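What follows is one structure encoded as structure tokens, with my remarks underneath.
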Amino acid sequence: LLNTVYAVMDKRTRELHLPLPGVNYEAWDTAMMAPGMPKVSSYLQFEGYGWGSITTVLLLQNVVGFREAHIEAGDHPQAFELVPQLPLQLFEQCADFNAGHLLEFRVHNLAVRGRIFDLTYEHRCGS
């Protein structure tokens with residue numbers, strides 16, 4: 001689901017048979033995600049939401065597991081914690097590699113309180 005939705009939302013040009021890039025739609029074509037499911041011929045009948053940018057925040061918080069931590073008194077976060085919930089499908093890639101192969105999952109240019117971070121999760125196949 002993430003691969004399908006993000007690939008469409010992150011497109012740089014509009015394609016007539018797909019939703020407008022950067023806009024969150026109330027429905028997605030199930031045939032894009034699972035062959036054999038009914039195909040949506042046009043997104044013209046679906047409502048687009050301007051708050052589609054929240055998808056990135058939800059992905060970072062709930063899949064990548066990046067969360068600001070309020071460890072000091074006050075309303076401003078002073079730290080962050082990592083609580084990843086990476087889907088098991090990501091690790092199925094190990095089937096294509098020998099034991100010991102390193103899989104890396106990255107987020108670049110993560111801005112937190114005026115600083116920029118690159119976040120990398122590593123998984124060694126067979127471990």
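Following the order of the structure tokens, chains are lettered A, B, ..., residues in each are numbered from 1, and ligands are numbered from 1.
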Name the residues in contact with stretch 84-87 of chain A at a cut-off of 6 Å, using only C-alpha atoms, excluding same-chain residues fewer than 6 positions from it; report them as a PyMOL selection string.
chain A and resi 63-65
Within 7 Å of A:Tyr121, counting only C-alpha atoms, which residues show up once you throw out same-chain ones fewer than 3 positions away? Write them as an MDAnalysis selection string, please.
chainID A and resid 104:106
Could you check the closest approach to A:Val107 for each of A:Leu59, A:Leu18, A:Ala95, A:Leu88 and tell me which residue wins, using only C-alpha atoms?
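Once distances to A:Val107 are computed over only C-alpha atoms, the minimum belongs to A:Leu59.
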For atom CA of A:Glu92 and atom CA of A:Gly36, determine how far apart the two atoms are, in Å to one decimal place.
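Distance between the two atoms: 22.6 Å.
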Extract, using only C-alpha atoms, all DNA, RNA and protein residues at most 7 Å from A:Asp118, discarding same-chain residues fewer than 6 positions from it, and format them as a CSV table (one decimal) with all heavy atoms, in the first residue's frame.
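Wrote it out as selection-v2.csv, contents follow:
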```csv
chain,number,residue,atom,x,y,z
A,107,VAL,N,16.0,7.5,5.7
A,107,VAL,CA,15.3,8.7,5.6
A,107,VAL,C,16.4,9.8,5.6
A,107,VAL,O,17.2,9.9,6.6
A,107,VAL,CB,14.4,8.9,6.8
A,107,VAL,CG1,13.7,10.3,6.7
A,107,VAL,CG2,13.3,7.8,6.9
A,108,HIS,N,16.4,10.6,4.6
A,108,HIS,CA,17.4,11.7,4.4
A,108,HIS,C,16.8,13.0,4.8
A,108,HIS,O,15.7,13.3,4.6
A,108,HIS,CB,18.0,11.7,3.0
A,108,HIS,CG,18.8,10.5,2.6
A,108,HIS,ND1,20.0,10.2,3.1
A,108,HIS,CD2,18.5,9.5,1.8
A,108,HIS,CE1,20.5,9.1,2.6
A,108,HIS,NE2,19.5,8.6,1.8
A,109,ASN,N,17.7,13.9,5.3
A,109,ASN,CA,17.3,15.3,5.6
A,109,ASN,C,16.1,15.4,6.5
A,109,ASN,O,15.2,16.2,6.3
A,109,ASN,CB,17.0,16.0,4.3
A,109,ASN,CG,18.3,16.1,3.4
A,109,ASN,OD1,19.4,16.2,3.9
A,109,ASN,ND2,18.0,15.9,2.1
A,110,LEU,N,16.1,14.7,7.6
A,110,LEU,CA,15.1,14.8,8.6
A,110,LEU,C,15.4,16.0,9.5
A,110,LEU,O,16.4,16.0,10.2
A,110,LEU,CB,15.1,13.5,9.4
A,110,LEU,CG,13.9,13.2,10.4
A,110,LEU,CD1,12.6,13.3,9.7
A,110,LEU,CD2,14.1,11.9,11.1
```
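Of the residues under consideration (A:Cys125, A:Val57, A:Val23, A:Ala69), A:Cys125 shows the shortest atom-to-atom contact distance to A:Gly100 when counting only C-alpha atoms.
Checking A:Glu68, A:Leu16, A:Phe80, A:Asp10 one by one against A:Thr55, counting only C-alpha atoms, you find the shortest gap at A:Asp10.
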Considering only C-alpha atoms, state which residue in the set A:Val83, A:Asp96, A:His17, A:Arg67 is at the smallest distance from A:Val112.
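Result for the nearest residue to A:Val112: A:Arg67.
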